[in-house]
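Chemist: Structure file structure-v7.csv (CSV, C-alpha atoms) is given on the next line.
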chain,number,residue,atom,x,y,z
A,573,MET,CA,66.0,-0.4,-41.8
A,574,SER,CA,64.8,-2.8,-39.1
A,575,ALA,CA,61.7,-2.2,-36.9
A,576,GLY,CA,62.3,-0.4,-33.7
A,577,SER,CA,62.0,3.0,-32.1
A,578,ALA,CA,63.2,6.1,-33.9
A,579,TRP,CA,66.2,6.1,-31.5
A,580,ASP,CA,67.1,2.6,-32.5
A,581,GLN,CA,66.8,3.5,-36.2
A,582,VAL,CA,69.0,6.5,-35.8
A,583,ASN,CA,71.6,4.4,-34.0
A,584,GLU,CA,71.5,1.9,-36.8
A,585,LEU,CA,72.3,4.7,-39.3
A,586,MET,CA,75.3,5.6,-37.2
A,587,VAL,CA,76.9,2.2,-37.9
A,588,GLY,CA,79.1,2.7,-40.9
A,589,GLY,CA,78.9,6.5,-40.8
A,590,ILE,CA,81.9,8.7,-41.5
A,591,ASP,CA,82.5,12.2,-40.3
A,592,VAL,CA,85.2,14.0,-42.3
A,593,HIS,CA,85.3,17.5,-40.6
A,594,ILE,CA,86.1,17.4,-36.9
A,595,HIS,CA,88.0,19.7,-34.5
A,596,THR,CA,89.6,17.9,-31.5
A,597,ASN,CA,92.6,18.0,-29.2
A,598,PRO,CA,95.5,18.3,-29.7
A,599,HIS,CA,94.5,21.6,-31.2
A,600,THR,CA,95.9,25.1,-31.6
A,601,PHE,CA,93.4,26.2,-29.0
A,602,PRO,CA,92.9,23.3,-26.7
A,603,GLU,CA,91.0,25.2,-24.0
A,604,ILE,CA,87.9,25.6,-26.2
A,605,HIS,CA,87.8,22.0,-27.5
A,606,ALA,CA,86.0,19.4,-25.5
A,607,GLN,CA,87.6,16.0,-26.5
A,608,ASP,CA,90.9,14.6,-27.4
A,609,ILE,CA,91.4,12.4,-30.4
A,610,ILE,CA,91.6,9.2,-28.4
A,611,GLY,CA,88.2,9.9,-26.8
A,612,LEU,CA,86.8,10.8,-30.2
A,613,ALA,CA,88.1,7.5,-31.7
A,614,GLN,CA,86.7,5.5,-28.8
A,615,GLN,CA,83.3,7.1,-29.0
A,616,ALA,CA,83.1,6.7,-32.8
A,617,HIS,CA,84.0,3.0,-32.5
A,618,GLN,CA,81.4,2.5,-29.8
A,619,ALA,CA,78.8,4.0,-32.1
A,620,GLY,CA,79.9,1.6,-34.9
A,621,MET,CA,81.2,4.4,-37.2
A,622,ARG,CA,83.6,3.4,-40.0
A,623,ALA,CA,86.2,6.2,-39.9
A,624,MET,CA,86.8,9.8,-39.2
A,625,VAL,CA,88.9,12.7,-40.6
A,626,VAL,CA,90.3,15.2,-38.1
A,627,LYS,CA,91.2,18.8,-38.9
A,628,ASP,CA,93.2,21.5,-37.2
A,629,ILE,CA,93.4,25.2,-38.2
A,630,GLY,CA,97.1,25.0,-37.3
A,631,VAL,CA,99.3,22.0,-37.9
A,632,SER,CA,98.5,19.0,-40.1
A,633,THR,CA,96.8,16.3,-38.2
A,634,THR,CA,98.5,13.4,-40.0
A,635,GLY,CA,100.8,12.6,-37.1
A,636,ALA,CA,98.2,12.3,-34.4
A,637,THR,CA,95.8,10.4,-36.5
A,638,TYR,CA,98.5,7.9,-37.6
A,639,VAL,CA,99.3,7.0,-34.0
A,640,VAL,CA,95.6,6.8,-32.8
A,641,THR,CA,94.7,4.6,-35.8
A,642,ARG,CA,97.4,2.1,-34.7
A,643,LEU,CA,96.9,2.3,-30.9
A,644,GLY,CA,93.2,3.2,-30.8
A,645,PRO,CA,90.0,1.2,-30.5
A,646,GLY,CA,89.9,-0.2,-34.0
A,647,ILE,CA,88.7,2.3,-36.7
A,648,PRO,CA,90.9,4.4,-38.9
A,649,ILE,CA,91.2,8.1,-38.0
A,650,TYR,CA,92.7,10.1,-40.9
A,651,GLY,CA,94.4,13.5,-41.0
A,652,ALA,CA,93.9,16.7,-43.0
A,653,HIS,CA,95.9,19.7,-43.9
A,654,VAL,CA,94.8,23.4,-43.8
A,655,MET,CA,96.8,25.9,-45.8
A,656,ASN,CA,96.6,28.6,-43.1
A,657,LEU,CA,99.6,30.9,-42.2
A,658,ALA,CA,100.7,28.4,-39.6
A,659,THR,CA,101.6,25.9,-42.4
A,660,GLY,CA,102.9,28.5,-44.8
A,661,GLY,CA,99.7,29.4,-46.6
A,662,ILE,CA,99.4,28.2,-50.2
A,663,ASN,CA,102.6,26.3,-49.8
A,664,PRO,CA,103.1,23.3,-52.1
A,665,ARG,CA,106.0,22.0,-50.0
A,666,GLY,CA,103.8,22.0,-46.9
A,667,VAL,CA,101.1,20.2,-48.9
A,668,TRP,CA,103.5,17.6,-50.2
A,669,ILE,CA,104.7,16.8,-46.7
A,670,ALA,CA,101.1,16.5,-45.4
A,671,LEU,CA,100.2,14.2,-48.2
A,672,ASN,CA,103.2,11.9,-47.5
A,673,HIS,CA,103.2,12.1,-43.7
A,674,GLY,CA,101.7,9.2,-41.7
A,675,ASP,CA,98.8,7.8,-43.7
A,676,GLY,CA,98.7,11.0,-45.7
A,677,ALA,CA,96.2,13.8,-45.5
A,678,LYS,CA,92.9,12.8,-47.0
A,679,VAL,CA,91.7,16.4,-47.4
A,680,VAL,CA,93.8,19.5,-48.2
A,681,HIS,CA,91.8,22.6,-47.2
A,682,PHE,CA,92.3,26.1,-48.5
A,683,PRO,CA,92.8,28.5,-45.6
A,684,THR,CA,90.1,29.0,-43.0
A,685,GLY,CA,90.2,32.1,-40.8
A,686,ASP,CA,93.3,33.3,-42.5
A,687,THR,CA,91.6,33.9,-45.9
A,688,LEU,CA,91.1,37.5,-46.9
A,689,ASN,CA,87.4,36.5,-47.5
A,690,HIS,CA,87.0,35.5,-43.8
A,691,VAL,CA,89.1,38.4,-42.5
A,692,GLN,CA,86.8,40.8,-44.2
A,693,TYR,CA,83.6,39.0,-43.3
A,694,ARG,CA,84.4,38.8,-39.6
A,695,LYS,CA,85.0,42.6,-39.3
A,696,ALA,CA,81.2,42.9,-38.8
A,697,PHE,CA,81.2,40.4,-35.9
A,698,TYR,CA,83.6,37.7,-35.0
A,699,ALA,CA,84.6,36.1,-31.7
A,700,GLY,CA,86.1,32.9,-33.0
A,701,VAL,CA,89.4,31.2,-32.3
A,702,ASN,CA,91.4,32.9,-35.0
A,703,PRO,CA,93.4,35.9,-33.9
A,704,PRO,CA,92.8,39.2,-35.6
A,705,LEU,CA,94.6,39.6,-38.9
A,706,PRO,CA,95.1,42.7,-41.0
A,707,ASP,CA,94.0,42.5,-44.6
A,708,GLU,CA,97.5,42.8,-46.0
A,709,LEU,CA,98.6,39.5,-44.2
A,710,ALA,CA,95.5,37.6,-45.1
A,711,ILE,CA,95.6,34.9,-47.8
A,712,THR,CA,93.9,35.2,-51.2
A,713,VAL,CA,94.4,32.8,-54.1
A,714,VAL,CA,93.9,35.5,-56.7
A,715,LYS,CA,96.4,38.2,-57.9
A,716,ASP,CA,95.6,40.5,-60.8
A,717,GLY,CA,92.4,38.5,-61.5
A,718,LYS,CA,94.2,35.2,-61.9
A,719,LEU,CA,95.0,32.3,-59.6
A,720,ILE,CA,98.5,32.4,-58.1
A,721,PRO,CA,100.8,29.7,-59.5
A,722,GLU,CA,101.0,27.9,-56.2
A,723,VAL,CA,97.4,26.9,-56.4
A,724,LYS,CA,98.0,24.9,-59.6
A,725,GLU,CA,101.0,23.2,-57.9
A,726,VAL,CA,98.8,22.2,-55.0
A,727,ILE,CA,96.1,20.8,-57.3
A,728,ASP,CA,98.7,18.7,-59.0
A,729,LEU,CA,100.0,17.3,-55.7
A,730,VAL,CA,96.5,16.5,-54.4
A,731,LYS,CA,95.6,14.8,-57.7
A,732,GLN,CA,98.8,12.6,-57.6
A,733,LYS,CA,97.9,11.3,-54.1
A,734,GLY,CA,94.2,10.8,-54.8
A,735,ALA,CA,93.2,13.1,-52.0
A,736,PHE,CA,90.4,15.7,-51.9
A,737,LEU,CA,90.8,19.4,-52.2
A,738,ALA,CA,88.4,21.6,-50.2
A,739,THR,CA,87.5,25.2,-50.9
A,740,SER,CA,87.2,25.8,-47.1
A,741,HIS,CA,86.7,29.6,-46.4
A,742,LEU,CA,87.4,31.0,-49.8
A,743,SER,CA,84.9,33.3,-51.3
A,744,ALA,CA,82.5,32.1,-54.0
A,745,ALA,CA,84.5,34.0,-56.7
A,746,GLU,CA,87.7,32.3,-55.5
A,747,SER,CA,86.0,28.9,-55.4
A,748,HIS,CA,84.9,29.2,-59.0
A,749,LEU,CA,88.5,29.9,-60.1
A,750,VAL,CA,89.9,27.1,-58.0
A,751,VAL,CA,87.3,24.5,-59.1
A,752,LYS,CA,87.8,25.4,-62.8
A,753,ALA,CA,91.5,25.1,-62.5
A,754,ALA,CA,91.2,21.8,-60.6
A,755,LYS,CA,88.8,20.4,-63.3
A,756,ASP,CA,91.1,21.6,-66.1
A,757,GLN,CA,94.0,19.8,-64.4
A,758,GLY,CA,92.0,16.6,-64.1
A,759,LEU,CA,91.2,16.6,-60.4
A,760,ASP,CA,87.8,15.1,-59.7
A,761,ARG,CA,88.0,14.9,-55.9
A,762,ILE,CA,86.8,18.4,-54.9
A,763,ILE,CA,84.8,19.5,-51.8
A,764,VAL,CA,82.8,22.7,-51.9
A,765,SER,CA,82.8,23.6,-48.2
A,766,HIS,CA,80.2,25.2,-45.9
A,767,ALA,CA,77.5,25.3,-48.6
A,768,LEU,CA,75.1,27.5,-46.7
A,769,TRP,CA,77.3,29.6,-44.4
A,770,ALA,CA,77.0,33.3,-45.4
A,771,MET,CA,80.7,33.7,-45.1
A,772,THR,CA,81.4,31.7,-48.2
A,773,ARG,CA,79.0,33.8,-50.2
A,774,LEU,CA,77.8,30.8,-52.2
A,775,LYS,CA,74.3,30.9,-53.8
A,776,MET,CA,72.2,28.0,-54.9
A,777,ASP,CA,73.2,28.5,-58.5
A,778,ASP,CA,76.8,28.2,-57.5
A,779,LEU,CA,76.1,25.0,-55.6
A,780,LYS,CA,74.2,23.4,-58.4
A,781,HIS,CA,77.0,24.4,-60.9
A,782,PHE,CA,79.6,22.8,-58.7
A,783,ALA,CA,77.5,19.7,-58.2
A,784,SER,CA,77.1,19.4,-62.0
A,785,LEU,CA,80.9,19.4,-62.2
A,786,GLY,CA,81.1,16.4,-59.9
A,787,CYS,CA,82.1,18.3,-56.7
A,788,LEU,CA,80.8,17.1,-53.3
A,789,ILE,CA,78.9,19.7,-51.4
A,790,GLU,CA,79.3,20.0,-47.6
A,791,PHE,CA,76.4,20.6,-45.2
A,792,GLU,CA,77.7,20.8,-41.6
A,793,TYR,CA,75.9,20.4,-38.4
A,794,CYS,CA,77.7,23.3,-36.7
A,795,LEU,CA,75.7,25.8,-38.9
A,796,MET,CA,72.6,24.8,-36.8
A,797,ALA,CA,74.3,25.1,-33.5
A,798,PRO,CA,74.0,28.1,-31.0
A,799,ILE,CA,77.8,28.7,-31.4
A,800,MET,CA,76.7,30.6,-34.6
A,801,TYR,CA,75.2,33.4,-32.4
A,802,PHE,CA,78.1,34.2,-30.2
A,803,VAL,CA,81.1,33.3,-32.4
A,804,HIS,CA,79.8,34.5,-35.8
A,805,GLY,CA,77.1,36.9,-34.9
A,806,GLU,CA,74.3,35.2,-36.9
A,807,PRO,CA,71.4,32.9,-36.1
A,808,PRO,CA,71.8,29.1,-36.5
A,809,ALA,CA,70.4,27.7,-39.7
A,810,ASP,CA,66.9,26.3,-39.9
A,811,PRO,CA,67.3,22.5,-40.6
A,812,ARG,CA,64.3,22.6,-42.9
A,813,ASN,CA,66.2,25.1,-45.1
A,814,ILE,CA,69.2,22.8,-45.1
A,815,VAL,CA,67.1,19.8,-46.2
A,816,LYS,CA,65.5,21.9,-49.0
A,817,ALA,CA,69.0,22.9,-50.2
A,818,MET,CA,70.2,19.3,-50.2
A,819,LYS,CA,67.3,18.2,-52.3
A,820,GLU,CA,67.7,21.2,-54.7
A,821,VAL,CA,71.4,20.5,-55.1
A,822,GLY,CA,70.8,16.7,-55.4
A,823,ILE,CA,71.4,14.2,-52.6
A,824,GLU,CA,74.0,12.3,-54.7
A,825,SER,CA,76.3,15.3,-54.6
A,826,CYS,CA,75.9,16.1,-50.9
A,827,PHE,CA,77.6,14.9,-47.8
A,828,ILE,CA,77.1,15.7,-44.1
A,829,SER,CA,79.8,16.5,-41.5
A,830,SER,CA,79.8,17.8,-38.0
A,831,ASP,CA,82.4,20.6,-37.9
A,832,LEU,CA,82.1,20.0,-34.1
A,833,GLY,CA,84.4,19.6,-31.2
A,834,GLN,CA,84.1,23.0,-29.6
A,835,ILE,CA,83.1,23.1,-25.9
A,836,TYR,CA,80.0,25.0,-26.8
A,837,SER,CA,78.6,22.3,-29.0
A,838,PRO,CA,77.7,18.6,-28.8
A,839,LEU,CA,80.7,16.1,-29.1
A,840,PRO,CA,81.1,15.2,-32.8
A,841,VAL,CA,79.7,11.7,-32.5
A,842,ASP,CA,76.7,13.0,-30.5
A,843,GLY,CA,76.2,15.8,-33.0
A,844,MET,CA,76.1,13.5,-35.9
A,845,ARG,CA,73.6,11.3,-34.2
A,846,THR,CA,71.4,14.3,-33.6
A,847,TYR,CA,72.0,15.5,-37.2
A,848,VAL,CA,70.8,12.1,-38.5
A,849,ALA,CA,67.6,12.4,-36.3
A,850,ILE,CA,67.0,15.9,-37.5
A,851,LEU,CA,67.3,15.0,-41.2
A,852,ARG,CA,64.9,12.1,-40.8
A,853,ARG,CA,62.4,14.4,-39.0
A,854,CYS,CA,62.7,17.0,-41.9
A,855,GLY,CA,62.1,14.5,-44.7
A,856,ILE,CA,65.4,12.9,-45.6
A,857,THR,CA,65.1,9.2,-46.1
A,858,ASP,CA,67.4,6.6,-44.6
A,859,ALA,CA,68.7,5.7,-48.0
A,860,GLU,CA,69.5,9.4,-48.6
A,861,ILE,CA,71.3,9.6,-45.3
A,862,LYS,CA,73.4,6.6,-46.2
A,863,VAL,CA,74.5,8.4,-49.4
A,864,MET,CA,75.5,11.6,-47.5
A,865,PHE,CA,76.8,10.0,-44.3
A,866,HIS,CA,78.2,6.6,-45.5
A,867,ARG,CA,78.9,6.6,-49.3
A,868,ASN,CA,80.2,10.0,-50.2
A,869,PRO,CA,82.3,10.5,-47.0
A,870,ALA,CA,83.9,7.1,-47.8
A,871,ARG,CA,85.1,8.6,-51.0
A,872,ILE,CA,86.7,11.4,-49.1
A,873,ALA,CA,88.3,9.1,-46.6
A,874,GLY,CA,89.8,7.0,-49.4
A,875,LEU,CA,87.6,4.0,-48.5
A,876,ASP,CA,85.4,3.9,-51.6
Would you encode the structure as structure tokens?
Modeler:
Amino acid sequence: MSAGSAWDQVNELMVGGIDVHIHTNPHTFPEIHAQDIIGLAQQAHQAGMRAMVVKDIGVSTTGATYVVTRLGPGIPIYGAHVMNLATGGINPRGVWIALNHGDGAKVVHFPTGDTLNHVQYRKAFYAGVNPPLPDELAITVVKDGKLIPEVKEVIDLVKQKGAFLATSHLSAAESHLVVKAAKDQGLDRIIVSHALWAMTRLKMDDLKHFASLGCLIEFEYCLMAPIMYFVHGEPPADPRNIVKAMKEVGIESCFISSDLGQIYSPLPVDGMRTYVAILRRCGITDAEIKVMFHRNPARIAGLD
């Protein structure tokens, strides 16, 4: 890292960075998102970032990202697919289409707010974008104590395309079953999402176990944002605790993302710049930031 102010050094670390978890317009709920995908691409390019992966809780983003990559400012923007009810839930046909549409989804996420886990969690407090959903319509990957057959079909499709599979808003118990099945089927590209969000019910022993299996563990900026108060009814995370968890899991197994784009939060690029500054202030080295912000996300984006 060259000499200069702390601000200059943070901006240097932005160059080559990759954010693989972003919400932007067009979106299922455009009124609460602050930026469209063109503005996002322009801002990321200006910051010197290498690539981005955009996610929507509704439709796959592979169409929008395909167009913006070719007409945008000069960095690749990739799509993702979320197995919510809008795309048929755990639907192998929908996953196949997403993996083959445009440049292909780089990440296939298990459901977000449509999971039974999230539906039950948000009964205590939830004012997010997902409409209310009764338990009987919510998605679970387990039936009679076993994974439903469609999960194994999805794993096989993701493996064939070299994409990543993300646990998203599954419970810890469901995530263990999914990760074991994925490893048994030879899938090595696995994301354990939202490592420290209470909703996923993941404990440190879970995270270290998943890391030992070669999974990449996600630590998102959004968990530290005020949105946690009035959307999820819980206090934002202390960044010092996030850093402690990263080090306990092992930096080599971690990556950072924004999970931003909401009007209540910084824009994704600005959020990642702030995240980098926070991590440096809390004891993460520049080399460790490059692992979590450059190298590991490059694997997810298919640029390794």
Chemist: Compile the contact shell of A:Arg867 as a list of chain:residue names: residues with an atom at most 12 Å away, counting all atoms listed in the file, same-chain residues fewer than 4 positions apart removed.
Modeler: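 Non-adjacent residues within range: A:Gly588, A:Gly589, A:Ile590, A:Asp591, A:Val592, A:Arg622, A:Ala623, A:Leu788, A:Ile823, A:Glu824, A:Ser825, A:Cys826, A:Phe827, A:Ile828, A:Ala859, A:Glu860, A:Ile861, A:Lys862, A:Val863, A:Arg871, A:Ile872, A:Ala873, A:Gly874, A:Leu875, A:Asp876.
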Chemist: Please indicate the distance in Å from atom CA of A:Ser830 to atom CA of A:Ile594, rounded to one decimal place.
Modeler: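 Atom CA of A:Ile594 lies at a distance of 6.4 Å from atom CA of A:Ser830.
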Chemist: Could you tell me how far atom CA of A:Gly576 lies from atom CA of A:Val841, in Å and to one decimal?
Modeler: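 So the answer is 21.2 Å.
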Chemist: Counting all atoms listed in the file, which of A:Ile763, A:Met655, A:Leu768, A:Cys794 gets nearest to A:Val726?
Modeler: A:Met655
Chemist: Could you tell me which of A:Ala753, A:Leu795, A:Val821, A:Val639 comes closest to A:His781 if we count only C-alpha atoms?
Modeler: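 Looking only at the distances to A:His781, the closest residue turns out to be A:Val821.
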Chemist: Could you check the closest approach to A:Gly646 for each of A:Leu779, A:Ala658, A:Leu688, A:Met621 and tell me which residue wins, using all atoms listed in the file?
Modeler: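 Closest candidate: A:Met621.
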Chemist: Considering all atoms listed in the file, return as an MDAnalysis selection string whatever protein or nucleic-acid residues lie within 10 Å of A:Ser765, sequence-local ones (same chain, fewer than 2 positions apart) excluded.
Modeler: chainID A and resid 681:682 737:742 747 762:763 767:769 772 774 788:792
Chemist: Extract, using all atoms listed in the file, all DNA, RNA and protein residues at most 8 Å from A:His673, discarding same-chain residues fewer than 3 positions from it, and format them as a CSV table (one decimal) with C-alpha atoms, keeping the file's coordinate frame.
Modeler:
chain,number,residue,atom,x,y,z
A,634,THR,CA,98.5,13.4,-40.0
A,635,GLY,CA,100.8,12.6,-37.1
A,669,ILE,CA,104.7,16.8,-46.7
A,670,ALA,CA,101.1,16.5,-45.4
A,676,GLY,CA,98.7,11.0,-45.7
A,677,ALA,CA,96.2,13.8,-45.5
Chemist: Can you measure atom CA of A:Pro648 to atom CA of A:Trp668 for me? One decimal in Å is fine.
Modeler: 21.5 Å
Chemist: Counting only C-alpha atoms, what is within 12 Å of A:Pro664, bar same-chain residues fewer than 6 positions away, as a list in words?
Modeler: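 Listed by chain and then number, they are His653, Val654, Met655, Ala670, Leu671, Val680, Phe682, Ile720, Pro721, Glu722, Val723, Lys724, Glu725, Val726, Ile727, Asp728, Leu729 and Val730 of chain A.
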Chemist: Could you list, as a ChimeraX atom specification, every residue within 8 Å of A:Val640, counting only C-alpha atoms and ignoring same-chain residues fewer than 4 positions away?
Modeler: /A:609-610,613,636,644,649
Chemist: Ranking A:Pro706, A:Asn868, A:Thr600, A:Asn583 by minimum distance to A:Gln618 and counting only C-alpha atoms, which one comes first?
Modeler: A:Asn583
Chemist: Up to 8 Å from (83.1, 19.7, -59.1) in the file's coordinates: name the residues, counting all atoms listed in the file, as a list of chain:residue names.
Modeler: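 Looking at atoms near the point gives A:Val751, A:Lys755, A:Asp760, A:Arg761, A:Ile762, A:Ile763, A:Val764, A:His781, A:Phe782, A:Ala783, A:Ser784, A:Leu785, A:Gly786, A:Cys787, A:Leu788.
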Chemist: Of the residues A:Val815, A:Ile799, A:Met776, A:Ala619, which is the one nearest to A:Leu585, using only C-alpha atoms?
Modeler: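 Going through A:Val815, A:Ile799, A:Met776, A:Ala619 one by one, the smallest distance to A:Leu585 is for A:Ala619.
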Chemist: Taking only C-alpha atoms into account, which of A:Pro598, A:Gly717, A:Pro808, A:Pro704 comes nearest A:Gln692?
Modeler: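 So, comparing all the options, the nearest one is A:Pro704.
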Chemist: Could you extract stretch 809-866 of chain A of the given structure into a file holding C-alpha atoms, as a compact mmCIF listing (two decimals), in the first residue's frame?
Modeler:
# COMPACT_ATOMS: atom_id res chain seq x y z
CA ALA A 809 -23.85 -5.32 14.80
CA ASP A 810 -20.71 -4.01 16.46
CA PRO A 811 -17.95 -4.06 13.79
CA ARG A 812 -15.44 -5.16 16.42
CA ASN A 813 -17.46 -8.33 16.92
CA ILE A 814 -17.57 -8.87 13.16
CA VAL A 815 -13.78 -8.59 12.97
CA LYS A 816 -13.39 -10.97 15.89
CA ALA A 817 -15.62 -13.50 14.11
CA MET A 818 -13.70 -13.15 10.84
CA LYS A 819 -10.43 -13.91 12.59
CA GLU A 820 -11.90 -16.83 14.50
CA VAL A 821 -13.36 -18.35 11.32
CA GLY A 822 -10.16 -17.64 9.40
CA ILE A 823 -9.70 -14.78 6.94
CA GLU A 824 -8.96 -17.18 4.08
CA SER A 825 -12.53 -18.51 4.33
CA CYS A 826 -14.30 -15.15 4.56
CA PHE A 827 -15.58 -12.57 2.12
CA ILE A 828 -17.27 -9.22 2.54
CA SER A 829 -20.32 -7.92 0.70
CA SER A 830 -22.59 -4.92 1.01
CA ASP A 831 -26.16 -6.34 0.87
CA LEU A 832 -27.00 -2.67 0.24
CA GLY A 833 -29.08 -0.67 -2.18
CA GLN A 834 -32.01 0.26 0.06
CA ILE A 835 -32.86 3.96 0.37
CA TYR A 836 -32.18 3.73 4.11
CA SER A 837 -28.54 2.77 3.63
CA PRO A 838 -25.42 4.02 1.84
CA LEU A 839 -25.19 3.23 -1.86
CA PRO A 840 -23.41 -0.11 -2.34
CA VAL A 841 -20.09 1.34 -3.54
CA ASP A 842 -20.08 3.95 -0.78
CA GLY A 843 -20.99 1.28 1.74
CA MET A 844 -18.11 -0.93 0.70
CA ARG A 845 -15.70 2.00 0.92
CA THR A 846 -16.91 2.64 4.47
CA TYR A 847 -16.72 -1.08 5.26
CA VAL A 848 -13.07 -1.17 4.16
CA ALA A 849 -12.30 1.83 6.38
CA ILE A 850 -14.10 0.24 9.35
CA LEU A 851 -12.25 -3.04 8.95
CA ARG A 852 -8.90 -1.26 8.84
CA ARG A 853 -9.80 0.72 11.97
CA CYS A 854 -10.80 -2.49 13.78
CA GLY A 855 -7.57 -4.39 13.08
CA ILE A 856 -7.93 -6.04 9.67
CA THR A 857 -4.82 -5.61 7.53
CA ASP A 858 -4.82 -4.45 3.92
CA ALA A 859 -3.66 -7.90 2.83
CA GLU A 860 -6.59 -9.49 4.68
CA ILE A 861 -9.01 -7.03 3.08
CA LYS A 862 -7.72 -8.04 -0.34
CA VAL A 863 -8.45 -11.68 0.46
CA MET A 864 -12.03 -10.91 1.52
CA PHE A 865 -12.82 -8.14 -0.98
CA HIS A 866 -10.72 -9.06 -4.03
